[in-house]
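Here's the structure we're looking at; comments come further down.
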Amino acid sequence: MKYVSTLALALMAIHANAHAEDAGTKATAWPPKITFANGTELSLGGNLQYDANQFSGTGYNGAVLEDDDAWRRQELGVTLKRKGVYDFGATFDFEAKTWNDVALRVETKALFGHDAGKLRVGQMKLPLGFEGNTATRSAAFVEASLPTQAFYQGRRTGIDWAFEREAYIVNAGYFFESDLQGNNKGDTAAARVAWTPLKQAGNVLHLGISAAQERPDSEVNGLGVTVYPSARWRAKPEAALTAVRLVDSGTLTRVDRIDRNGLEALWIHGAWSLQGEYLRQKTTRELGLPSYSADGAYVFGSWMVTGESRVYSAGNVGNPKPKGKYGALELLARYSRIDLDSDGIAGGREDNWTLGATWYLAQNFKFQANYVKVDAERGAFSASPDVFELRAQMHF
């Protein structure tokens, strides 16, 4: 993918030059957007992230966690929309070689004359949890927390309905196909409800609950052999550029269904914010095999040193908008935990503490630095490596 990396660097340079040249006029030539006479807009979007991970300490039995730097995401997509009527978006991650959201969303007010919410069909994220539904460009930390990594279901193909009022949000979906890579066959029903008594800029309170039930399907392989559904619950030590996982349930066979539940909370007050989430799963199996349950949680706080506020919209968060010419600075701290020791399976336990700093250089650039202190144990083994992470990001 060297050509994609070269393109990404070129786009960064183009944007930087355009931003500098147009600063006085407040006009921007980037990102490219075409607006038609009827108000329809065709635009290009992307999210480019380059990471570096440095480890100290080892995994179990002295397993080496190797330092690395690489592209984390190279997402590029197009959006066609007409405000108040519809929008269609398609995004591909050239680094992971996977499709992200590819979906058409329609405003019911344009269809029926009154607002009954928004309908979306295609591949999308499931309405389960908070952090898992946050856009990758808006991630507060370099990597998702332990429970989000392990339990969030990811994208599926189906239909979704979202309905928002001043004091609440309701989101429900039914997903009846695999993802666009042809994986994860089966059906899932999911719903998310949030109470939002405060929903003004810089003054937000969001309290939510979510649930999903997945029923994976069997498949027949190329040899005509039936492959029964399985599940595996695991997480990296909040660092993506390593293959080492310190907690891992192992593969659970003959899965009948998977039930997921979540609780979430967000508070924003000016430059300060708190966010937390609890996630749980229960895997039910066939043939009298024992079920397996596991859970995890995280909580983090942030302070915008330069006085901005985290952005909240439609039940989720976005990047703050820098006020000053030198950008915006955010300091963060997170605690996350996961427990995969359950029902006779020694999947392990892990507790992580993370300190972070984010510099929003401009509206489309940010730089992140995280330090992660890991404390994990699995059976008779324990490990306490440290991770230092850096990320450079351009998004548009």
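Lettering and numbering for the structure tokens are positional, with chains as A, B, ... in the shown order, residues counted from 1 in each chain, and ligands counted from 1 in the shown order.
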When you look at range 166-179 of chain A with a cut-off of 9 Å (counting only C-alpha atoms), what residues show up, excluding the ones that are within fewer than 6 positions of it in the same chain? I need them as an mmCIF file with C-alpha atoms, in the first residue's frame.
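And here's selection-v5.cif as it stands now:
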```cif
data_model
loop_
_atom_site.group_PDB
_atom_site.id
_atom_site.type_symbol
_atom_site.label_atom_id
_atom_site.label_comp_id
_atom_site.auth_asym_id
_atom_site.auth_seq_id
_atom_site.Cartn_x
_atom_site.Cartn_y
_atom_site.Cartn_z
ATOM 1 C CA TRP A 99 -15.356 -1.389 3.951
ATOM 2 C CA GLN A 123 -23.535 -1.592 6.343
ATOM 3 C CA MET A 124 -23.124 0.408 9.542
ATOM 4 C CA LEU A 126 -24.731 -1.339 15.542
ATOM 5 C CA PRO A 127 -26.553 0.830 18.108
ATOM 6 C CA ARG A 155 -20.420 -3.352 11.604
ATOM 7 C CA ARG A 156 -23.169 -5.431 10.022
ATOM 8 C CA THR A 157 -25.574 -5.067 7.087
ATOM 9 C CA GLY A 158 -29.199 -4.269 7.829
ATOM 10 C CA ILE A 159 -31.656 -1.471 8.603
ATOM 11 C CA ASP A 160 -31.508 1.112 11.366
ATOM 12 C CA LYS A 185 -23.049 -14.326 9.079
ATOM 13 C CA GLY A 186 -26.213 -14.292 11.156
ATOM 14 C CA ASP A 187 -28.933 -12.016 12.549
ATOM 15 C CA THR A 188 -28.684 -9.338 15.227
ATOM 16 C CA ALA A 189 -31.330 -7.142 16.841
ATOM 17 C CA ALA A 190 -29.988 -4.134 18.745
ATOM 18 C CA ALA A 191 -31.354 -1.049 20.504
ATOM 19 C CA ARG A 192 -29.947 1.972 22.338
ATOM 20 C CA VAL A 193 -31.905 4.503 24.426
ATOM 21 C CA ALA A 194 -30.494 7.629 26.075
ATOM 22 C CA TRP A 195 -31.920 10.331 28.328
ATOM 23 C CA THR A 196 -30.457 13.752 27.532
ATOM 24 C CA PRO A 197 -31.828 16.354 30.000
ATOM 25 C CA LEU A 198 -28.922 18.673 29.117
ATOM 26 C CA LYS A 199 -27.969 19.015 25.474
ATOM 27 C CA HIS A 206 -26.256 11.790 28.528
ATOM 28 C CA GLY A 208 -27.971 5.541 28.180
ATOM 29 C CA ALA A 314 -26.891 12.876 17.846
ATOM 30 C CA GLY A 315 -25.887 10.797 20.852
#
```
>> I'd like the contact shell of Val299 in chain A - 7 Å cut-off, only C-alpha atoms, skipping same-chain residues fewer than 2 positions apart - returned as a count of residues only.
In response: 6
> What's the 7 Å shell around Phe365 in chain A, counting only C-alpha atoms, without same-chain residues fewer than 5 positions away, as number ranges by chain?
Replying inline: A: 360, 393-395
> Hey, what's within 8 Å of Val247 in chain A if we count only C-alpha atoms and toss same-chain stuff fewer than 3 positions away? As number ranges by chain, please?
Replying inline: A: 234-236, 340, 347-350, 376-378
Using C-alpha atoms, can you write the selected residues to a file as a PDB file, in the first residue's frame?
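Generated file (selection.pdb):
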```pdb
ATOM      1  CA  ARG A 234     -10.040 -10.998  23.727  1.00  0.00           C
ATOM      2  CA  ALA A 235      -8.345  -7.594  23.720  1.00  0.00           C
ATOM      3  CA  LYS A 236      -4.963  -6.059  22.980  1.00  0.00           C
ATOM      4  CA  LEU A 340     -12.594 -12.908  31.186  1.00  0.00           C
ATOM      5  CA  GLY A 347      -9.457 -15.905  30.074  1.00  0.00           C
ATOM      6  CA  GLY A 348      -7.594 -13.514  32.327  1.00  0.00           C
ATOM      7  CA  ARG A 349      -8.080 -10.114  33.903  1.00  0.00           C
ATOM      8  CA  GLU A 350      -6.555  -6.793  32.956  1.00  0.00           C
ATOM      9  CA  ALA A 376      -2.719  -8.291  33.581  1.00  0.00           C
ATOM     10  CA  GLU A 377      -2.946 -11.830  34.891  1.00  0.00           C
ATOM     11  CA  ARG A 378      -4.078 -15.085  33.351  1.00  0.00           C
TER      12      ARG A 378
END
```
>> What does the structure give for the distance between CA of Val255 in chain A and CA of Thr283 in chain A, in Å to one decimal?
In response: 6.9 Å
